[in-house]
Amino acid sequence: MLHIESKEQFYEEIKNGKVIVDFFATWCAPCRMLSPVLEEIEKETEDLRILKVNVDDLIDLAADFQVSSIPLLLFFQDGKKIGESLGYLPKQSILQKINTIFH
């Protein structure tokens with residue numbers, strides 16, 4: 001998983017392909033529970049990339065997407081937002097969302 005360090009890097013990374021962006025904070029318990037689940041999913045899914053955005057570090061980027069609760073997953077296809085998921089979900093539920101949103 002790639003940790004995004006700037007707004008510019010974020011917009012460059014979501015341009016191509018299937019991308020899930022995890023908006024999180026280090027102090028957020030559900031976010032910490034979700035992280036290893038996302039790592040597993042990324043390893044098992046060939047054509048999917050997962051980006052992490054710390055809302056405390058990139059406040060302006062979180063504001064761009066009106067992030068008011070975390071963890072928030074945003075799903076992008078070739079730079080276009082096509083779905084989202086709020087809160088912790090188990091692996092199987094995330095995989096179902098991936099299949100529904102990207103296929």
# chains A, B, ... in the order shown; residues from 1 in each chain; ligands from 1
>>> residues_around(residues="A:Phe65", least_positions_apart="2", cutoff="10 Å", atoms="only C-alpha atoms", output="ChimeraX atom specification")
/A:23,60-63,67-68,74,81
>>> residues_around(residues="A:Leu58", least_positions_apart="3", cutoff="12 Å", atoms="only C-alpha atoms", output="compact mmCIF listing (two decimals) with N, CA and C atoms, in the first residue's frame")
# COMPACT_ATOMS: atom_id res chain seq x y z
N HIS A 3 1.47 5.06 0.85
CA HIS A 3 1.02 6.17 1.69
C HIS A 3 1.22 7.47 0.91
N ILE A 4 0.13 8.17 0.71
CA ILE A 4 0.15 9.42 -0.07
C ILE A 4 0.69 10.55 0.79
N GLU A 5 1.61 11.33 0.22
CA GLU A 5 2.25 12.39 0.98
C GLU A 5 1.90 13.79 0.49
N SER A 6 1.20 13.88 -0.64
CA SER A 6 0.80 15.21 -1.13
C SER A 6 -0.44 15.08 -2.00
N LYS A 7 -1.12 16.19 -2.15
CA LYS A 7 -2.31 16.24 -2.99
C LYS A 7 -1.94 15.92 -4.44
N GLU A 8 -0.82 16.43 -4.89
CA GLU A 8 -0.37 16.20 -6.26
C GLU A 8 -0.10 14.72 -6.50
N GLN A 9 0.56 14.08 -5.54
CA GLN A 9 0.83 12.65 -5.66
C GLN A 9 -0.47 11.86 -5.73
N PHE A 10 -1.45 12.23 -4.91
CA PHE A 10 -2.74 11.55 -4.91
C PHE A 10 -3.38 11.59 -6.29
N PHE A 23 -8.99 6.60 3.49
CA PHE A 23 -8.81 7.79 4.31
C PHE A 23 -8.85 7.33 5.76
N PHE A 24 -7.78 7.61 6.52
CA PHE A 24 -7.63 7.08 7.87
C PHE A 24 -6.93 8.09 8.77
N ALA A 25 -6.85 7.74 10.06
CA ALA A 25 -6.03 8.49 11.02
C ALA A 25 -5.38 7.46 11.94
N LYS A 52 -3.23 4.98 0.84
CA LYS A 52 -3.60 5.40 2.19
C LYS A 52 -3.41 6.91 2.29
N VAL A 53 -4.43 7.58 2.83
CA VAL A 53 -4.36 9.03 3.03
C VAL A 53 -4.65 9.32 4.50
N ASN A 54 -3.65 9.84 5.20
CA ASN A 54 -3.82 10.23 6.60
C ASN A 54 -4.53 11.59 6.62
N VAL A 55 -5.76 11.60 7.15
CA VAL A 55 -6.56 12.83 7.12
C VAL A 55 -5.96 13.94 7.98
N LEU A 61 -6.83 17.54 1.22
CA LEU A 61 -7.29 16.45 0.37
C LEU A 61 -8.56 15.82 0.96
N ALA A 62 -8.57 15.65 2.28
CA ALA A 62 -9.78 15.13 2.94
C ALA A 62 -10.95 16.08 2.71
N ALA A 63 -10.69 17.37 2.71
CA ALA A 63 -11.74 18.36 2.46
C ALA A 63 -12.26 18.26 1.02
N ASP A 64 -11.37 17.99 0.07
CA ASP A 64 -11.78 17.84 -1.34
C ASP A 64 -12.87 16.78 -1.49
N PHE A 65 -12.80 15.74 -0.65
CA PHE A 65 -13.76 14.63 -0.75
C PHE A 65 -14.76 14.64 0.41
N VAL A 67 -14.54 14.38 3.60
CA VAL A 67 -14.38 13.29 4.55
C VAL A 67 -14.73 13.81 5.94
>>> residues_around(residues="stretch 88-93 of chain A", least_positions_apart="2", cutoff="9 Å", atoms="only C-alpha atoms", output="ChimeraX atom specification")
/A:30-31,33-34,37-38,40-41,70-72,85-86,95-98
>>> write_last_selection(atoms="N, CA and C atoms", output="tab-separated table (two decimals), in the first residue's frame")
chain	number	residue	atom	x	y	z
A	30	PRO	N	-10.95	1.69	14.37
A	30	PRO	CA	-11.45	0.95	13.22
A	30	PRO	C	-10.50	1.05	12.01
A	31	CYS	N	-9.82	2.18	11.87
A	31	CYS	CA	-8.85	2.34	10.79
A	31	CYS	C	-7.70	1.36	10.95
A	33	MET	N	-7.82	-1.48	12.46
A	33	MET	CA	-8.34	-2.82	12.19
A	33	MET	C	-8.45	-3.08	10.69
A	34	LEU	N	-8.77	-2.05	9.93
A	34	LEU	CA	-8.99	-2.19	8.50
A	34	LEU	C	-7.69	-2.35	7.71
A	37	VAL	N	-6.48	-5.84	6.70
A	37	VAL	CA	-7.45	-6.43	5.77
A	37	VAL	C	-7.17	-5.91	4.36
A	38	LEU	N	-6.93	-4.61	4.25
A	38	LEU	CA	-6.63	-4.01	2.94
A	38	LEU	C	-5.31	-4.52	2.38
A	40	GLU	N	-4.04	-7.51	2.83
A	40	GLU	CA	-4.33	-8.84	2.29
A	40	GLU	C	-5.01	-8.75	0.93
A	41	ILE	N	-6.00	-7.88	0.85
A	41	ILE	CA	-6.76	-7.72	-0.40
A	41	ILE	C	-5.84	-7.27	-1.53
A	70	ILE	N	-14.26	8.45	9.41
A	70	ILE	CA	-13.26	7.50	8.93
A	70	ILE	C	-13.42	6.19	9.69
A	71	PRO	N	-12.95	5.08	9.15
A	71	PRO	CA	-12.29	4.95	7.85
A	71	PRO	C	-13.29	5.10	6.70
A	72	LEU	N	-12.81	5.71	5.64
A	72	LEU	CA	-13.60	5.90	4.43
A	72	LEU	C	-12.80	5.35	3.26
A	85	SER	N	-17.24	3.46	0.66
A	85	SER	CA	-17.65	2.61	1.77
A	85	SER	C	-17.17	3.26	3.06
A	86	LEU	N	-18.08	3.43	4.01
A	86	LEU	CA	-17.74	4.09	5.27
A	86	LEU	C	-17.71	3.08	6.40
A	95	LEU	N	-14.42	-7.41	-0.44
A	95	LEU	CA	-14.27	-8.10	-1.72
A	95	LEU	C	-15.57	-8.07	-2.52
A	96	GLN	N	-16.71	-8.22	-1.85
A	96	GLN	CA	-18.00	-8.12	-2.54
A	96	GLN	C	-18.19	-6.74	-3.13
A	97	LYS	N	-17.84	-5.70	-2.35
A	97	LYS	CA	-17.95	-4.32	-2.87
A	97	LYS	C	-17.05	-4.13	-4.09
A	98	ILE	N	-15.85	-4.65	-4.01
A	98	ILE	CA	-14.91	-4.53	-5.13
A	98	ILE	C	-15.50	-5.16	-6.37
>>> residues_around(residues="A:Leu48", least_positions_apart="4", cutoff="9 Å", atoms="only C-alpha atoms", output="VMD selection string")
chain A and resid 17 to 20 41 to 42
>>> write_last_selection(atoms="C-alpha atoms", output="JSON list (two decimals), in the first residue's frame")
[["chain", "number", "residue", "atom", "x", "y", "z"],
["A", 17, "GLY", "CA", -6.56, 1.70, -13.31],
["A", 18, "LYS", "CA", -8.55, 0.49, -10.33],
["A", 19, "VAL", "CA", -7.67, 2.22, -7.08],
["A", 20, "ILE", "CA", -9.07, 2.12, -3.57],
["A", 41, "ILE", "CA", -6.76, -7.72, -0.40],
["A", 42, "GLU", "CA", -4.06, -5.83, -2.28]]
>>> select_by_dssp(residues="stretch 11-73 of chain A", states="strand (DSSP E)", output="list in words")
Lys18, Val19, Ile20, Val21, Asp22, Phe23, Phe24, Leu48, Arg49, Ile50, Leu51, Lys52, Val53, Asn54, Leu72 and Leu73 of chain A
>>> write_last_selection(atoms="C-alpha atoms", output="mmCIF file, in the first residue's frame")
data_model
loop_
_atom_site.group_PDB
_atom_site.id
_atom_site.type_symbol
_atom_site.label_atom_id
_atom_site.label_comp_id
_atom_site.auth_asym_id
_atom_site.auth_seq_id
_atom_site.Cartn_x
_atom_site.Cartn_y
_atom_site.Cartn_z
ATOM 1 C CA LYS A 18 -8.551 0.492 -10.329
ATOM 2 C CA VAL A 19 -7.667 2.220 -7.080
ATOM 3 C CA ILE A 20 -9.069 2.122 -3.568
ATOM 4 C CA VAL A 21 -8.180 5.051 -1.329
ATOM 5 C CA ASP A 22 -8.280 4.519 2.427
ATOM 6 C CA PHE A 23 -8.808 7.793 4.314
ATOM 7 C CA PHE A 24 -7.635 7.079 7.873
ATOM 8 C CA LEU A 48 -6.003 -3.202 -7.888
ATOM 9 C CA ARG A 49 -3.921 -0.651 -6.004
ATOM 10 C CA ILE A 50 -4.642 0.652 -2.521
ATOM 11 C CA LEU A 51 -3.586 4.104 -1.384
ATOM 12 C CA LYS A 52 -3.603 5.402 2.188
ATOM 13 C CA VAL A 53 -4.363 9.025 3.034
ATOM 14 C CA ASN A 54 -3.821 10.228 6.596
ATOM 15 C CA LEU A 72 -13.599 5.900 4.432
ATOM 16 C CA LEU A 73 -12.791 3.901 1.318
#
>>> closest_residue(among="A:Thr45, A:Asn16, A:Leu2, A:Asp57", to="A:Asp78", atoms="only C-alpha atoms")
A:Asn16
>>> closest_residue(among="A:Lys43, A:Phe75, A:Ala29, A:Gly87", to="A:Ile101", atoms="only C-alpha atoms")
A:Phe75
>>> atom_distance(atom1="atom CA of A:Ile59", atom2="atom CA of A:Glu39")
23.7 Å
>>> atom_distance(atom1="atom CA of A:Lys15", atom2="atom CA of A:Ile94")
21.9 Å
>>> atom_distance(atom1="atom CA of A:Thr26", atom2="atom CA of A:Glu13")
21.9 Å
>>> closest_residue(among="A:Asp56, A:Met1, A:Gln77, A:Gln66", to="A:Pro36", atoms="only C-alpha atoms")
A:Met1
>>> decode(residues="stretch 66-78 of chain A", atoms="N, CA and C atoms", output="mmCIF file, in the first residue's frame")
data_model
loop_
_atom_site.group_PDB
_atom_site.id
_atom_site.type_symbol
_atom_site.label_atom_id
_atom_site.label_comp_id
_atom_site.auth_asym_id
_atom_site.auth_seq_id
_atom_site.Cartn_x
_atom_site.Cartn_y
_atom_site.Cartn_z
ATOM 1 N N GLN A 66 -14.807 15.748 1.120
ATOM 2 C CA GLN A 66 -15.762 15.948 2.216
ATOM 3 C C GLN A 66 -15.743 14.789 3.207
ATOM 4 N N VAL A 67 -14.535 14.384 3.595
ATOM 5 C CA VAL A 67 -14.376 13.294 4.551
ATOM 6 C C VAL A 67 -14.730 13.812 5.943
ATOM 7 N N SER A 68 -15.811 13.282 6.506
ATOM 8 C CA SER A 68 -16.219 13.698 7.842
ATOM 9 C C SER A 68 -16.180 12.545 8.840
ATOM 10 N N SER A 69 -16.100 11.312 8.336
ATOM 11 C CA SER A 69 -15.981 10.119 9.176
ATOM 12 C C SER A 69 -14.965 9.180 8.547
ATOM 13 N N ILE A 70 -14.259 8.451 9.411
ATOM 14 C CA ILE A 70 -13.264 7.500 8.930
ATOM 15 C C ILE A 70 -13.425 6.193 9.688
ATOM 16 N N PRO A 71 -12.954 5.077 9.148
ATOM 17 C CA PRO A 71 -12.293 4.951 7.853
ATOM 18 C C PRO A 71 -13.290 5.102 6.696
ATOM 19 N N LEU A 72 -12.806 5.715 5.642
ATOM 20 C CA LEU A 72 -13.599 5.900 4.432
ATOM 21 C C LEU A 72 -12.804 5.351 3.259
ATOM 22 N N LEU A 73 -13.409 4.430 2.536
ATOM 23 C CA LEU A 73 -12.791 3.901 1.318
ATOM 24 C C LEU A 73 -13.475 4.549 0.124
ATOM 25 N N LEU A 74 -12.673 5.103 -0.773
ATOM 26 C CA LEU A 74 -13.194 5.625 -2.031
ATOM 27 C C LEU A 74 -12.641 4.760 -3.152
ATOM 28 N N PHE A 75 -13.500 4.410 -4.089
ATOM 29 C CA PHE A 75 -13.139 3.551 -5.210
ATOM 30 C C PHE A 75 -13.030 4.400 -6.469
ATOM 31 N N PHE A 76 -11.892 4.316 -7.152
ATOM 32 C CA PHE A 76 -11.647 5.089 -8.369
ATOM 33 C C PHE A 76 -11.337 4.159 -9.537
ATOM 34 N N GLN A 77 -11.850 4.519 -10.697
ATOM 35 C CA GLN A 77 -11.515 3.824 -11.946
ATOM 36 C C GLN A 77 -11.025 4.889 -12.912
ATOM 37 N N ASP A 78 -9.748 4.794 -13.291
ATOM 38 C CA ASP A 78 -9.144 5.748 -14.232
ATOM 39 C C ASP A 78 -9.418 7.199 -13.832
#
